[in-house]
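S.K.: This is the structure, below, for whatever I ask next.
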Amino acid sequence: MAIAPEAIHAIAISVSGVVNCHDIASRGVLGRQVFIEMHLIVNAPDVETAHGITEEVERRLEERFQPVRILIHVEPPAYKSEKISFESR
Ligand SMILES: [Zn+2]
């Protein structure tokens, strides 16, 4: 783990439209190259809006942890009932 999942979670959840963030994982070396993966539940009526939300999450994570590559798996609000966790796997 390169970054504490709690730190990634706090940034992601601060973006408007993000309902939940879980299954956060990171690897690499902070300050050199970091890879971040996460599942994001977004409150968005269409794909364009959902994409805009993930772009903002990426922007804020890049600002904080660059150089970084980010993979975001978007899920609809209906997934809210899924067992939620932001622990790193
Ligand atoms: Zn998920």
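As shown in the structure tokens, the chain order sets the letters A, B, ...; within each chain, residues go from 1, and ligands are also counted from 1 in the order they appear.
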Please identify every polymer residue within 7 Å of ligand 1, using only C-alpha atoms and all ligand atoms, and present the set as a PyMOL selection string.

M.R.: chain A and resi 22-23+39-40+75

S.K.: Write a file of the selected residues as a compact mmCIF listing (two decimals), in the first residue's frame, keeping N, CA and C atoms.

M.R.:
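To be explicit, this is the file written out as again-v5.txt:
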```
# COMPACT_ATOMS: atom_id res chain seq x y z
N HIS A 22 -15.13 2.78 -2.13
CA HIS A 22 -14.71 1.56 -1.44
C HIS A 22 -13.75 0.75 -2.30
N ASP A 23 -13.26 -0.36 -1.75
CA ASP A 23 -12.27 -1.20 -2.44
C ASP A 23 -11.08 -0.37 -2.94
N HIS A 39 -13.40 1.82 -6.22
CA HIS A 39 -14.78 1.76 -6.68
C HIS A 39 -15.46 3.02 -6.18
N LEU A 40 -16.24 3.64 -7.07
CA LEU A 40 -16.89 4.89 -6.73
C LEU A 40 -18.39 4.75 -7.01
N GLU A 75 -19.89 2.83 -10.08
CA GLU A 75 -21.10 2.05 -9.83
C GLU A 75 -22.27 2.99 -9.57
```

S.K.: Within 9 Å of Leu71 of chain A, counting only C-alpha atoms, which residues show up once you throw out same-chain ones fewer than 6 positions away? Write them as a PyMOL selection string, please.

M.R.: chain A and resi 35-39+58

S.K.: Would you export the selected residues with C-alpha atoms as an mmCIF file, in the first residue's frame, please?

M.R.:
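As written to disk, selection.cif reads:
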```cif
data_model
loop_
_atom_site.group_PDB
_atom_site.id
_atom_site.type_symbol
_atom_site.label_atom_id
_atom_site.label_comp_id
_atom_site.auth_asym_id
_atom_site.auth_seq_id
_atom_site.Cartn_x
_atom_site.Cartn_y
_atom_site.Cartn_z
ATOM 1 C CA PHE A 35 -1.176 3.629 -8.919
ATOM 2 C CA ILE A 36 -4.581 4.007 -7.325
ATOM 3 C CA GLU A 37 -7.681 1.880 -7.844
ATOM 4 C CA MET A 38 -11.097 2.403 -6.330
ATOM 5 C CA HIS A 39 -14.782 1.761 -6.678
ATOM 6 C CA GLU A 58 -8.760 12.231 -10.554
#
```

S.K.: Can you pull out the residues contacting Leu30 of chain A? Cut-off 12 Å, using only C-alpha atoms, and skip same-chain residues under 5 positions away; I want them as a list in words.

M.R.: Met1, Ala2, Ile3, Ala4, Phe35, Ile36, Glu62, Arg64, Phe65, Gln66, Pro67, Val68 and Arg69 of chain A

S.K.: Would you mind listing what lies within 10 Å of Ile53 of chain A as a PyMOL selection string, with only C-alpha atoms counted and same-chain residues fewer than 5 positions away left out?

M.R.: chain A and resi 12+15-18+40+42-44+47-48+58-59+74

S.K.: Enumerate, as a ChimeraX atom specification, the complete set of residues in chain A that a backbone-based DSSP assignment places in helix (DSSP H, G or I).

M.R.: /A:5-13,47-65,77-81

S.K.: Just list as a ChimeraX atom specification whatever in chain A DSSP marks as strand (DSSP E or B).

M.R.: /A:18-29,33-42,68-75

S.K.: Those same residues - N, CA and C atoms - I'd like them written as a tab-separated table (two decimals), in the first residue's frame.

M.R.:
```tsv
chain	number	residue	atom	x	y	z
A	18	VAL	N	-20.19	12.27	-5.37
A	18	VAL	CA	-19.66	11.00	-4.89
A	18	VAL	C	-20.45	10.57	-3.66
A	19	VAL	N	-21.06	9.40	-3.75
A	19	VAL	CA	-21.91	8.90	-2.68
A	19	VAL	C	-21.12	7.98	-1.75
A	20	ASN	N	-20.21	7.22	-2.36
A	20	ASN	CA	-19.45	6.24	-1.59
A	20	ASN	C	-18.19	5.87	-2.35
A	21	CYS	N	-17.19	5.49	-1.61
A	21	CYS	CA	-15.92	5.09	-2.20
A	21	CYS	C	-15.44	3.87	-1.42
A	22	HIS	N	-15.13	2.78	-2.13
A	22	HIS	CA	-14.71	1.56	-1.44
A	22	HIS	C	-13.75	0.75	-2.30
A	23	ASP	N	-13.26	-0.36	-1.75
A	23	ASP	CA	-12.27	-1.20	-2.44
A	23	ASP	C	-11.08	-0.37	-2.94
A	24	ILE	N	-10.57	0.49	-2.09
A	24	ILE	CA	-9.45	1.34	-2.45
A	24	ILE	C	-8.15	0.57	-2.33
A	25	ALA	N	-7.34	0.66	-3.36
A	25	ALA	CA	-6.01	0.03	-3.33
A	25	ALA	C	-5.01	0.98	-3.95
A	26	SER	N	-3.80	0.96	-3.46
A	26	SER	CA	-2.74	1.76	-4.08
A	26	SER	C	-1.43	1.00	-3.99
A	27	ARG	N	-0.56	1.28	-4.96
A	27	ARG	CA	0.77	0.68	-4.93
A	27	ARG	C	1.75	1.63	-5.59
A	28	GLY	N	3.02	1.34	-5.45
A	28	GLY	CA	4.04	2.21	-6.01
A	28	GLY	C	4.73	3.01	-4.92
A	29	VAL	N	5.48	4.01	-5.35
A	29	VAL	CA	6.23	4.84	-4.42
A	29	VAL	C	5.76	6.28	-4.53
A	33	GLN	N	6.04	7.20	-8.61
A	33	GLN	CA	4.89	6.78	-9.41
A	33	GLN	C	3.97	5.96	-8.53
A	34	VAL	N	2.74	6.40	-8.44
A	34	VAL	CA	1.75	5.70	-7.63
A	34	VAL	C	0.58	5.28	-8.52
A	35	PHE	N	0.02	4.12	-8.24
A	35	PHE	CA	-1.18	3.63	-8.92
A	35	PHE	C	-2.29	3.51	-7.89
A	36	ILE	N	-3.43	4.06	-8.24
A	36	ILE	CA	-4.58	4.01	-7.32
A	36	ILE	C	-5.76	3.36	-8.04
A	37	GLU	N	-6.44	2.48	-7.35
A	37	GLU	CA	-7.68	1.88	-7.84
A	37	GLU	C	-8.76	2.09	-6.81
A	38	MET	N	-9.98	2.28	-7.28
A	38	MET	CA	-11.10	2.40	-6.33
A	38	MET	C	-12.43	2.15	-7.02
A	39	HIS	N	-13.40	1.82	-6.22
A	39	HIS	CA	-14.78	1.76	-6.68
A	39	HIS	C	-15.46	3.02	-6.18
A	40	LEU	N	-16.24	3.64	-7.07
A	40	LEU	CA	-16.89	4.89	-6.73
A	40	LEU	C	-18.39	4.75	-7.01
A	41	ILE	N	-19.20	5.07	-6.04
A	41	ILE	CA	-20.64	5.12	-6.28
A	41	ILE	C	-21.00	6.60	-6.46
A	42	VAL	N	-21.59	6.92	-7.62
A	42	VAL	CA	-21.88	8.31	-7.93
A	42	VAL	C	-23.38	8.52	-8.12
A	68	VAL	N	0.72	10.12	-10.66
A	68	VAL	CA	-0.18	9.05	-10.25
A	68	VAL	C	-1.03	8.58	-11.43
A	69	ARG	N	-1.29	7.28	-11.48
A	69	ARG	CA	-2.25	6.74	-12.45
A	69	ARG	C	-3.42	6.21	-11.65
A	70	ILE	N	-4.64	6.53	-12.12
A	70	ILE	CA	-5.83	6.23	-11.33
A	70	ILE	C	-6.83	5.44	-12.17
A	71	LEU	N	-7.31	4.36	-11.59
A	71	LEU	CA	-8.35	3.57	-12.23
A	71	LEU	C	-9.60	3.61	-11.35
A	72	ILE	N	-10.68	4.17	-11.90
A	72	ILE	CA	-11.91	4.30	-11.13
A	72	ILE	C	-13.01	3.44	-11.75
A	73	HIS	N	-13.57	2.58	-10.92
A	73	HIS	CA	-14.66	1.72	-11.32
A	73	HIS	C	-15.95	2.35	-10.80
A	74	VAL	N	-16.78	2.84	-11.72
A	74	VAL	CA	-17.99	3.58	-11.32
A	74	VAL	C	-19.18	2.64	-11.16
A	75	GLU	N	-19.89	2.83	-10.08
A	75	GLU	CA	-21.10	2.05	-9.83
A	75	GLU	C	-22.27	2.99	-9.57
```

S.K.: From the options A:Asp46, A:Leu61, A:Pro77, A:Thr54, which residue's atoms come nearest to Ile11 of chain A, counting only C-alpha atoms?

M.R.: A:Leu61

S.K.: To one decimal in Å, tell me the separation between atom CA of Ser14 of chain A and atom CA of Arg32 of chain A.

M.R.: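 Taking atom CA of Ser14 of chain A and atom CA of Arg32 of chain A, their separation equals 25.0 Å.
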